[in-house]
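Text of coords_16.pdb, listed as PDB, C-alpha atoms and all ligand atoms:
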```pdb
ATOM      1  CA  MET A   1      33.655 -47.991   0.779  1.00  0.00           C
ATOM      2  CA  ASN A   2      35.418 -45.423   2.917  1.00  0.00           C
ATOM      3  CA  LEU A   3      34.723 -41.703   2.947  1.00  0.00           C
ATOM      4  CA  GLU A   4      37.726 -40.837   0.791  1.00  0.00           C
ATOM      5  CA  MET A   5      36.616 -43.242  -1.952  1.00  0.00           C
ATOM      6  CA  LEU A   6      33.083 -41.850  -1.751  1.00  0.00           C
ATOM      7  CA  ARG A   7      34.474 -38.341  -2.116  1.00  0.00           C
ATOM      8  CA  GLU A   8      36.318 -39.290  -5.281  1.00  0.00           C
ATOM      9  CA  ALA A   9      33.328 -41.185  -6.691  1.00  0.00           C
ATOM     10  CA  THR A  10      31.069 -38.196  -5.993  1.00  0.00           C
ATOM     11  CA  ARG A  11      33.512 -35.705  -7.447  1.00  0.00           C
ATOM     12  CA  ALA A  12      33.634 -37.806 -10.631  1.00  0.00           C
ATOM     13  CA  GLN A  13      29.857 -37.345 -11.135  1.00  0.00           C
ATOM     14  CA  MET A  14      29.928 -33.575 -11.471  1.00  0.00           C
ATOM     15  CA  PRO A  15      31.683 -30.525 -12.880  1.00  0.00           C
ATOM     16  CA  ASP A  16      34.040 -28.544 -10.637  1.00  0.00           C
ATOM     17  CA  LYS A  17      31.450 -25.864  -9.874  1.00  0.00           C
ATOM     18  CA  ARG A  18      29.021 -28.429  -8.483  1.00  0.00           C
ATOM     19  CA  TRP A  19      31.810 -30.104  -6.521  1.00  0.00           C
ATOM     20  CA  LYS A  20      32.717 -26.761  -4.940  1.00  0.00           C
ATOM     21  CA  HIS A  21      29.058 -26.328  -3.988  1.00  0.00           C
ATOM     22  CA  THR A  22      29.084 -29.842  -2.509  1.00  0.00           C
ATOM     23  CA  LEU A  23      32.096 -29.024  -0.337  1.00  0.00           C
ATOM     24  CA  GLY A  24      30.277 -25.868   0.836  1.00  0.00           C
ATOM     25  CA  VAL A  25      27.233 -27.938   1.777  1.00  0.00           C
ATOM     26  CA  VAL A  26      29.442 -30.419   3.676  1.00  0.00           C
ATOM     27  CA  GLU A  27      31.119 -27.624   5.643  1.00  0.00           C
ATOM     28  CA  THR A  28      27.790 -25.941   6.411  1.00  0.00           C
ATOM     29  CA  ALA A  29      26.014 -29.180   7.344  1.00  0.00           C
ATOM     30  CA  ILE A  30      28.754 -30.054   9.849  1.00  0.00           C
ATOM     31  CA  LYS A  31      28.465 -26.562  11.375  1.00  0.00           C
ATOM     32  CA  LEU A  32      24.679 -26.864  11.654  1.00  0.00           C
ATOM     33  CA  ALA A  33      25.004 -30.337  13.184  1.00  0.00           C
ATOM     34  CA  LYS A  34      27.373 -28.949  15.827  1.00  0.00           C
ATOM     35  CA  ARG A  35      25.119 -25.966  16.534  1.00  0.00           C
ATOM     36  CA  TYR A  36      21.961 -28.031  16.907  1.00  0.00           C
ATOM     37  CA  GLY A  37      23.349 -31.235  18.407  1.00  0.00           C
ATOM     38  CA  GLY A  38      22.930 -33.249  15.226  1.00  0.00           C
ATOM     39  CA  ASP A  39      24.951 -36.204  13.994  1.00  0.00           C
ATOM     40  CA  SER A  40      28.060 -34.690  12.389  1.00  0.00           C
ATOM     41  CA  ALA A  41      29.133 -37.893  10.622  1.00  0.00           C
ATOM     42  CA  LYS A  42      25.733 -38.500   9.031  1.00  0.00           C
ATOM     43  CA  SER A  43      25.448 -34.805   8.163  1.00  0.00           C
ATOM     44  CA  GLU A  44      28.801 -34.932   6.424  1.00  0.00           C
ATOM     45  CA  LEU A  45      27.930 -38.108   4.509  1.00  0.00           C
ATOM     46  CA  ALA A  46      24.474 -36.947   3.411  1.00  0.00           C
ATOM     47  CA  ALA A  47      25.816 -33.516   2.408  1.00  0.00           C
ATOM     48  CA  LEU A  48      28.652 -35.099   0.429  1.00  0.00           C
ATOM     49  CA  LEU A  49      26.191 -37.270  -1.494  1.00  0.00           C
ATOM     50  CA  HIS A  50      23.205 -34.901  -1.732  1.00  0.00           C
ATOM     51  CA  ASP A  51      23.849 -33.803  -5.342  1.00  0.00           C
ATOM     52  CA  TYR A  52      25.377 -37.099  -6.510  1.00  0.00           C
ATOM     53  CA  SER A  53      23.105 -37.265  -9.564  1.00  0.00           C
ATOM     54  CA  LYS A  54      22.590 -33.537 -10.112  1.00  0.00           C
ATOM     55  CA  ALA A  55      24.708 -33.424 -13.269  1.00  0.00           C
ATOM     56  CA  TRP A  56      23.318 -36.621 -14.763  1.00  0.00           C
ATOM     57  CA  ALA A  57      21.551 -36.335 -18.114  1.00  0.00           C
ATOM     58  CA  ILE A  58      17.792 -35.831 -17.937  1.00  0.00           C
ATOM     59  CA  ASP A  59      17.210 -39.038 -19.939  1.00  0.00           C
ATOM     60  CA  ARG A  60      19.309 -41.051 -17.526  1.00  0.00           C
ATOM     61  CA  MET A  61      17.382 -39.710 -14.530  1.00  0.00           C
ATOM     62  CA  GLU A  62      14.065 -40.321 -16.226  1.00  0.00           C
ATOM     63  CA  ALA A  63      15.058 -43.924 -16.959  1.00  0.00           C
ATOM     64  CA  VAL A  64      16.038 -44.476 -13.316  1.00  0.00           C
ATOM     65  CA  ILE A  65      12.692 -43.067 -12.135  1.00  0.00           C
ATOM     66  CA  ARG A  66      10.714 -45.255 -14.525  1.00  0.00           C
ATOM     67  CA  GLU A  67      12.707 -48.472 -14.198  1.00  0.00           C
ATOM     68  CA  ASN A  68      13.033 -48.423 -10.431  1.00  0.00           C
ATOM     69  CA  ARG A  69       9.546 -47.257  -9.574  1.00  0.00           C
ATOM     70  CA  LEU A  70      10.570 -44.009  -7.960  1.00  0.00           C
ATOM     71  CA  PRO A  71       7.554 -41.714  -7.369  1.00  0.00           C
ATOM     72  CA  PRO A  72       5.973 -41.279 -10.836  1.00  0.00           C
ATOM     73  CA  GLU A  73       4.566 -37.834  -9.903  1.00  0.00           C
ATOM     74  CA  LEU A  74       8.159 -36.579 -10.101  1.00  0.00           C
ATOM     75  CA  LEU A  75       7.910 -36.815 -13.867  1.00  0.00           C
ATOM     76  CA  VAL A  76       5.180 -34.193 -14.106  1.00  0.00           C
ATOM     77  CA  HIS A  77       6.994 -31.769 -11.800  1.00  0.00           C
ATOM     78  CA  ASP A  78      10.147 -29.716 -12.130  1.00  0.00           C
ATOM     79  CA  LYS A  79      13.191 -31.709 -13.229  1.00  0.00           C
ATOM     80  CA  GLU A  80      15.089 -29.952 -10.427  1.00  0.00           C
ATOM     81  CA  LEU A  81      13.425 -32.432  -8.089  1.00  0.00           C
ATOM     82  CA  TRP A  82      14.549 -35.548  -9.883  1.00  0.00           C
ATOM     83  CA  HIS A  83      18.195 -35.665  -8.862  1.00  0.00           C
ATOM     84  CA  ALA A  84      17.333 -35.930  -5.185  1.00  0.00           C
ATOM     85  CA  HIS A  85      15.353 -39.166  -5.549  1.00  0.00           C
ATOM     86  CA  VAL A  86      17.661 -40.493  -8.240  1.00  0.00           C
ATOM     87  CA  GLY A  87      20.691 -39.633  -6.108  1.00  0.00           C
ATOM     88  CA  ALA A  88      19.364 -41.592  -3.124  1.00  0.00           C
ATOM     89  CA  TRP A  89      18.762 -44.556  -5.428  1.00  0.00           C
ATOM     90  CA  ALA A  90      22.225 -44.201  -6.987  1.00  0.00           C
ATOM     91  CA  VAL A  91      24.290 -44.065  -3.804  1.00  0.00           C
ATOM     92  CA  ARG A  92      22.425 -47.091  -2.488  1.00  0.00           C
ATOM     93  CA  THR A  93      22.848 -49.189  -5.599  1.00  0.00           C
ATOM     94  CA  GLU A  94      26.307 -47.978  -6.619  1.00  0.00           C
ATOM     95  CA  HIS A  95      27.912 -47.579  -3.190  1.00  0.00           C
ATOM     96  CA  GLY A  96      25.852 -49.677  -0.806  1.00  0.00           C
ATOM     97  CA  ILE A  97      24.698 -46.786   1.359  1.00  0.00           C
ATOM     98  CA  GLU A  98      21.900 -48.338   3.406  1.00  0.00           C
ATOM     99  CA  ASP A  99      21.465 -45.799   6.203  1.00  0.00           C
ATOM    100  CA  VAL A 100      17.809 -44.808   5.840  1.00  0.00           C
ATOM    101  CA  GLU A 101      18.321 -41.440   7.540  1.00  0.00           C
ATOM    102  CA  VAL A 102      21.121 -40.545   5.139  1.00  0.00           C
ATOM    103  CA  LEU A 103      19.170 -41.778   2.109  1.00  0.00           C
ATOM    104  CA  ASP A 104      16.086 -39.797   3.177  1.00  0.00           C
ATOM    105  CA  ALA A 105      18.117 -36.628   3.708  1.00  0.00           C
ATOM    106  CA  ILE A 106      19.388 -36.984   0.135  1.00  0.00           C
ATOM    107  CA  ARG A 107      15.945 -37.908  -1.216  1.00  0.00           C
ATOM    108  CA  TYR A 108      14.156 -34.927   0.339  1.00  0.00           C
ATOM    109  CA  HIS A 109      16.875 -32.269   0.195  1.00  0.00           C
ATOM    110  CA  THR A 110      15.154 -30.350  -2.601  1.00  0.00           C
ATOM    111  CA  SER A 111      11.473 -30.763  -1.808  1.00  0.00           C
ATOM    112  CA  GLY A 112      11.410 -31.226   1.939  1.00  0.00           C
ATOM    113  CA  ARG A 113       8.642 -33.461   3.310  1.00  0.00           C
ATOM    114  CA  GLU A 114       6.203 -33.734   6.163  1.00  0.00           C
ATOM    115  CA  GLY A 115       7.963 -34.771   9.356  1.00  0.00           C
ATOM    116  CA  MET A 116      11.455 -33.753   8.288  1.00  0.00           C
ATOM    117  CA  THR A 117      14.108 -35.314  10.512  1.00  0.00           C
ATOM    118  CA  GLN A 118      16.842 -33.178  11.983  1.00  0.00           C
ATOM    119  CA  LEU A 119      19.203 -34.605   9.363  1.00  0.00           C
ATOM    120  CA  ASP A 120      16.749 -33.719   6.560  1.00  0.00           C
ATOM    121  CA  LYS A 121      16.616 -30.165   7.896  1.00  0.00           C
ATOM    122  CA  ILE A 122      20.383 -29.818   8.221  1.00  0.00           C
ATOM    123  CA  VAL A 123      21.110 -30.988   4.677  1.00  0.00           C
ATOM    124  CA  CYS A 124      18.253 -29.048   3.102  1.00  0.00           C
ATOM    125  CA  LEU A 125      19.213 -25.818   4.876  1.00  0.00           C
ATOM    126  CA  ALA A 126      22.947 -26.276   4.253  1.00  0.00           C
ATOM    127  CA  ASP A 127      22.111 -26.596   0.547  1.00  0.00           C
ATOM    128  CA  TYR A 128      20.411 -23.169   0.645  1.00  0.00           C
ATOM    129  CA  ILE A 129      23.009 -21.262   2.650  1.00  0.00           C
ATOM    130  CA  GLU A 130      26.442 -22.778   1.857  1.00  0.00           C
ATOM    131  CA  PRO A 131      29.074 -20.039   1.381  1.00  0.00           C
ATOM    132  CA  GLY A 132      28.931 -20.186  -2.434  1.00  0.00           C
ATOM    133  CA  ARG A 133      25.219 -19.359  -2.564  1.00  0.00           C
ATOM    134  CA  ASP A 134      24.391 -15.835  -3.634  1.00  0.00           C
ATOM    135  CA  PHE A 135      20.698 -15.160  -4.166  1.00  0.00           C
ATOM    136  CA  PRO A 136      18.491 -12.349  -2.853  1.00  0.00           C
ATOM    137  CA  GLY A 137      17.731 -13.005   0.808  1.00  0.00           C
ATOM    138  CA  VAL A 138      20.441 -15.615   1.431  1.00  0.00           C
ATOM    139  CA  ASP A 139      22.044 -13.511   4.195  1.00  0.00           C
ATOM    140  CA  ARG A 140      18.730 -13.371   6.040  1.00  0.00           C
ATOM    141  CA  LEU A 141      18.533 -17.169   5.821  1.00  0.00           C
ATOM    142  CA  ARG A 142      22.076 -17.409   7.210  1.00  0.00           C
ATOM    143  CA  GLU A 143      21.065 -15.218  10.166  1.00  0.00           C
ATOM    144  CA  LEU A 144      17.898 -17.251  10.788  1.00  0.00           C
ATOM    145  CA  ALA A 145      19.981 -20.431  10.636  1.00  0.00           C
ATOM    146  CA  LYS A 146      21.750 -19.224  13.782  1.00  0.00           C
ATOM    147  CA  GLN A 147      18.396 -19.027  15.605  1.00  0.00           C
ATOM    148  CA  SER A 148      16.379 -22.000  14.429  1.00  0.00           C
ATOM    149  CA  LEU A 149      16.583 -24.685  11.768  1.00  0.00           C
ATOM    150  CA  GLU A 150      12.819 -24.545  11.376  1.00  0.00           C
ATOM    151  CA  LYS A 151      12.547 -20.746  11.059  1.00  0.00           C
ATOM    152  CA  ALA A 152      15.324 -20.694   8.494  1.00  0.00           C
ATOM    153  CA  LEU A 153      13.774 -23.514   6.485  1.00  0.00           C
ATOM    154  CA  VAL A 154      10.324 -21.911   6.456  1.00  0.00           C
ATOM    155  CA  ALA A 155      11.911 -18.744   5.076  1.00  0.00           C
ATOM    156  CA  ALA A 156      13.881 -20.797   2.543  1.00  0.00           C
ATOM    157  CA  PHE A 157      10.808 -22.670   1.306  1.00  0.00           C
ATOM    158  CA  ASP A 158       8.891 -19.373   1.182  1.00  0.00           C
ATOM    159  CA  SER A 159      11.545 -17.911  -1.101  1.00  0.00           C
ATOM    160  CA  THR A 160      11.450 -20.983  -3.347  1.00  0.00           C
ATOM    161  CA  ILE A 161       7.646 -20.923  -3.516  1.00  0.00           C
ATOM    162  CA  GLU A 162       7.691 -17.174  -4.284  1.00  0.00           C
ATOM    163  CA  VAL A 163      10.128 -17.686  -7.147  1.00  0.00           C
ATOM    164  CA  LEU A 164       8.006 -20.528  -8.554  1.00  0.00           C
ATOM    165  CA  ILE A 165       4.907 -18.330  -8.418  1.00  0.00           C
ATOM    166  CA  GLN A 166       6.716 -15.413 -10.069  1.00  0.00           C
ATOM    167  CA  ARG A 167       7.845 -17.700 -12.872  1.00  0.00           C
ATOM    168  CA  GLY A 168       4.433 -19.259 -13.303  1.00  0.00           C
ATOM    169  CA  LYS A 169       5.780 -22.700 -12.433  1.00  0.00           C
ATOM    170  CA  ARG A 170       4.126 -25.540 -10.585  1.00  0.00           C
ATOM    171  CA  ILE A 171       4.691 -25.918  -6.861  1.00  0.00           C
ATOM    172  CA  PHE A 172       5.536 -29.429  -5.694  1.00  0.00           C
ATOM    173  CA  PRO A 173       2.819 -30.136  -3.087  1.00  0.00           C
ATOM    174  CA  GLN A 174       5.275 -31.836  -0.726  1.00  0.00           C
ATOM    175  CA  THR A 175       7.152 -28.540  -0.332  1.00  0.00           C
ATOM    176  CA  VAL A 176       3.986 -26.761   0.788  1.00  0.00           C
ATOM    177  CA  ILE A 177       3.265 -29.635   3.185  1.00  0.00           C
ATOM    178  CA  ALA A 178       6.843 -29.460   4.514  1.00  0.00           C
ATOM    179  CA  ARG A 179       6.536 -25.700   5.064  1.00  0.00           C
ATOM    180  CA  ASN A 180       3.201 -25.993   6.863  1.00  0.00           C
ATOM    181  CA  ASP A 181       4.535 -28.799   9.036  1.00  0.00           C
ATOM    182  CA  LEU A 182       7.600 -26.735  10.031  1.00  0.00           C
ATOM    183  CA  ILE A 183       5.325 -23.838  10.994  1.00  0.00           C
ATOM    184  CA  ALA A 184       3.271 -26.233  13.133  1.00  0.00           C
ATOM    185  CA  GLN A 185       6.497 -27.408  14.793  1.00  0.00           C
ATOM    186  CA  LEU A 186       7.348 -23.801  15.670  1.00  0.00           C
ATOM    187  CA  LYS A 187       4.032 -23.193  17.418  1.00  0.00           C
TER     188      LYS A 187
HETATM  189 FE    FE B 201      20.322 -30.714  -5.082  1.00  0.00          FE
HETATM  190 FE    FE B 202      22.937 -28.892  -3.739  1.00  0.00          FE
END
```
Do you think you could lay out the structure here as structure tokens?
Amino acid sequence: MNLEMLREATRAQMPDKRWKHTLGVVETAIKLAKRYGGDSAKSELAALLHDYSKAWAIDRMEAVIRENRLPPELLVHDKELWHAHVGAWAVRTEHGIEDVEVLDAIRYHTSGREGMTQLDKIVCLADYIEPGRDFPGVDRLRELAKQSLEKALVAAFDSTIEVLIQRGKRIFPQTVIARNDLIAQLK
């Protein structure tokens, strides 16, 4: 499967708006990889595939989680988290993507995790700050992204956690762990 075929297969999974977002994440991930000496090819691939299952029906994602023994705790947390794990499963089974670093970057792009790799950080941050994003504070994240992947990601997770608190929603523990770990890395 070459990159062009993967692009078409990915585009076919989602509405145009999500595809435009995906292209923004690809562009931003490549820029971040260049800035921080990351792997541009893996950044491009992981960014292209990061939202592969985002537009899938909830029932379909739930079935994948249950039938393939993806982490069952996902089911009690926000459905926003599901597509990341389901997407990693899908690109492996449907397209034979076996690169563990790429699969992990897809799997953890929403939640983060302890010990995020550079590729995890690039894809996760690119997802927050791609040019189509427009939420309060995004410009500050874009500025921080020029200084430090870790500083920008801490600020990004803080904004997510703040929104979850304001809305009275649950916080996925792995995101708190990811944030604390990034702060430790900055010390
Ligand atoms: Fe996503
Ligand atoms: Fe995304």
What's the 10 Å shell around Leu23 (chain A), counting only C-alpha atoms, without same-chain residues fewer than 2 positions away, as an mmCIF file with C-alpha atoms, keeping the file's coordinate frame?
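Once written, around11.cif looks like this:
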```cif
data_model
loop_
_atom_site.group_PDB
_atom_site.id
_atom_site.type_symbol
_atom_site.label_atom_id
_atom_site.label_comp_id
_atom_site.auth_asym_id
_atom_site.auth_seq_id
_atom_site.Cartn_x
_atom_site.Cartn_y
_atom_site.Cartn_z
ATOM 1 C CA ARG A 7 34.474 -38.341 -2.116
ATOM 2 C CA ARG A 11 33.512 -35.705 -7.447
ATOM 3 C CA ARG A 18 29.021 -28.429 -8.483
ATOM 4 C CA TRP A 19 31.810 -30.104 -6.521
ATOM 5 C CA LYS A 20 32.717 -26.761 -4.940
ATOM 6 C CA HIS A 21 29.058 -26.328 -3.988
ATOM 7 C CA VAL A 25 27.233 -27.938 1.777
ATOM 8 C CA VAL A 26 29.442 -30.419 3.676
ATOM 9 C CA GLU A 27 31.119 -27.624 5.643
ATOM 10 C CA THR A 28 27.790 -25.941 6.411
ATOM 11 C CA ALA A 29 26.014 -29.180 7.344
ATOM 12 C CA GLU A 44 28.801 -34.932 6.424
ATOM 13 C CA ALA A 47 25.816 -33.516 2.408
ATOM 14 C CA LEU A 48 28.652 -35.099 0.429
ATOM 15 C CA GLU A 130 26.442 -22.778 1.857
ATOM 16 C CA PRO A 131 29.074 -20.039 1.381
ATOM 17 C CA GLY A 132 28.931 -20.186 -2.434
#
```
Practice item. Using the chain letters and numbers from the file, give me the residues hit by the PyMOL selection byres (((not hetatm)) within 7 of (chain B and resi 202)), as a PyMOL selection string. Key: chain A and resi 21-22+50-51+127
With C-alpha atoms retained, could you export that selection as an mmCIF file, keeping the file's coordinate frame?
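After the write, again38.cif holds the following:
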```cif
data_model
loop_
_atom_site.group_PDB
_atom_site.id
_atom_site.type_symbol
_atom_site.label_atom_id
_atom_site.label_comp_id
_atom_site.auth_asym_id
_atom_site.auth_seq_id
_atom_site.Cartn_x
_atom_site.Cartn_y
_atom_site.Cartn_z
ATOM 1 C CA HIS A 21 29.058 -26.328 -3.988
ATOM 2 C CA THR A 22 29.084 -29.842 -2.509
ATOM 3 C CA HIS A 50 23.205 -34.901 -1.732
ATOM 4 C CA ASP A 51 23.849 -33.803 -5.342
ATOM 5 C CA ASP A 127 22.111 -26.596 0.547
#
```
If we count all atoms listed in the file and set the cut-off at 8 Å, which residues sit around region 148-165 of chain A, ignoring sequence neighbours fewer than 4 positions away in its own chain? Please answer as a compact mmCIF listing (two decimals) with C-alpha atoms, keeping the file's coordinate frame.
```txt
# COMPACT_ATOMS: atom_id res chain seq x y z
CA LYS A 121 16.62 -30.16 7.90
CA ILE A 122 20.38 -29.82 8.22
CA CYS A 124 18.25 -29.05 3.10
CA LEU A 125 19.21 -25.82 4.88
CA TYR A 128 20.41 -23.17 0.64
CA LEU A 141 18.53 -17.17 5.82
CA ARG A 142 22.08 -17.41 7.21
CA LEU A 144 17.90 -17.25 10.79
CA LYS A 169 5.78 -22.70 -12.43
CA ARG A 170 4.13 -25.54 -10.58
CA ILE A 171 4.69 -25.92 -6.86
CA THR A 175 7.15 -28.54 -0.33
CA VAL A 176 3.99 -26.76 0.79
CA ARG A 179 6.54 -25.70 5.06
CA LEU A 182 7.60 -26.74 10.03
CA ILE A 183 5.32 -23.84 10.99
CA GLN A 185 6.50 -27.41 14.79
CA LEU A 186 7.35 -23.80 15.67
```
Review point. For His77 (chain A), which of A:Arg60, A:Pro173, A:Arg133, A:Leu119 is the closest residue, counting all atoms listed in the file?
Key: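 So, comparing all the options, the nearest one is A:Pro173.
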**Study point:** Cut-off 8 Å, all atoms listed in the file, neighbours of ligand FE 201 (chain B) as a ChimeraX atom specification
**Key:** /A:50-51,54,80-81,83-84,109-110,127
Practice item. Carefully work through the PyMOL selection byres (((chain A and resi 94-108) around 6) and not hetatm) for this structure and note down the residues it includes, as JSON, numbers by chain. Key: {"A": [46, 50, 84, 85, 88, 90, 91, 92, 93, 109, 110, 111, 112, 120]}
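Each of A:Tyr52, A:Trp82, A:Phe135, A:Phe172 was checked against Arg66 (chain A) using all atoms listed in the file; the smallest atom-to-atom distance is that of A:Trp82.
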Exercise for review: Using all atoms listed in the file, find the one residue out of A:Arg140, A:Arg113, A:Lys31, A:Lys146 that sits nearest to Ala178 (chain A).
Suggested key: A:Arg113
Exercise for review: Mind giving me the straight-line distance from CA of Trp56 (chain A) to CA of Lys79 (chain A) in Å, one decimal?
Suggested key: 11.4 Å
**Study point:** Minimum-distance residue to Ala57 (chain A), chosen among A:Val76, A:Leu70, A:Met14, A:Gly37 (using only C-alpha atoms)
**Key:** A:Met14
**Study point:** Counting all atoms listed in the file, the residue of A:Leu74, A:Leu49, A:Met5, A:Ile65 that sits nearest Gly87 (chain A)
**Key:**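 Of the candidates, the smallest distance to Gly87 (chain A) is held by A:Leu49.
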Study note, to complete from the structure: With distances taken over only C-alpha atoms, the candidate from A:Asp134, A:Asp181, A:Glu73, A:Glu67 nearest Trp89 (chain A) is A:Glu67
Report, as lines of an AutoDock Vina configuration file, the axis-aligned box around all atoms of region 66-80 of chain A present in the file, extended by 6 Å on each side; give centre and edge lengths in Å to one decimal place.
```
center_x = 9.8
center_y = -39.1
center_z = -10.9
size_x = 22.5
size_y = 30.8
size_z = 19.2
```
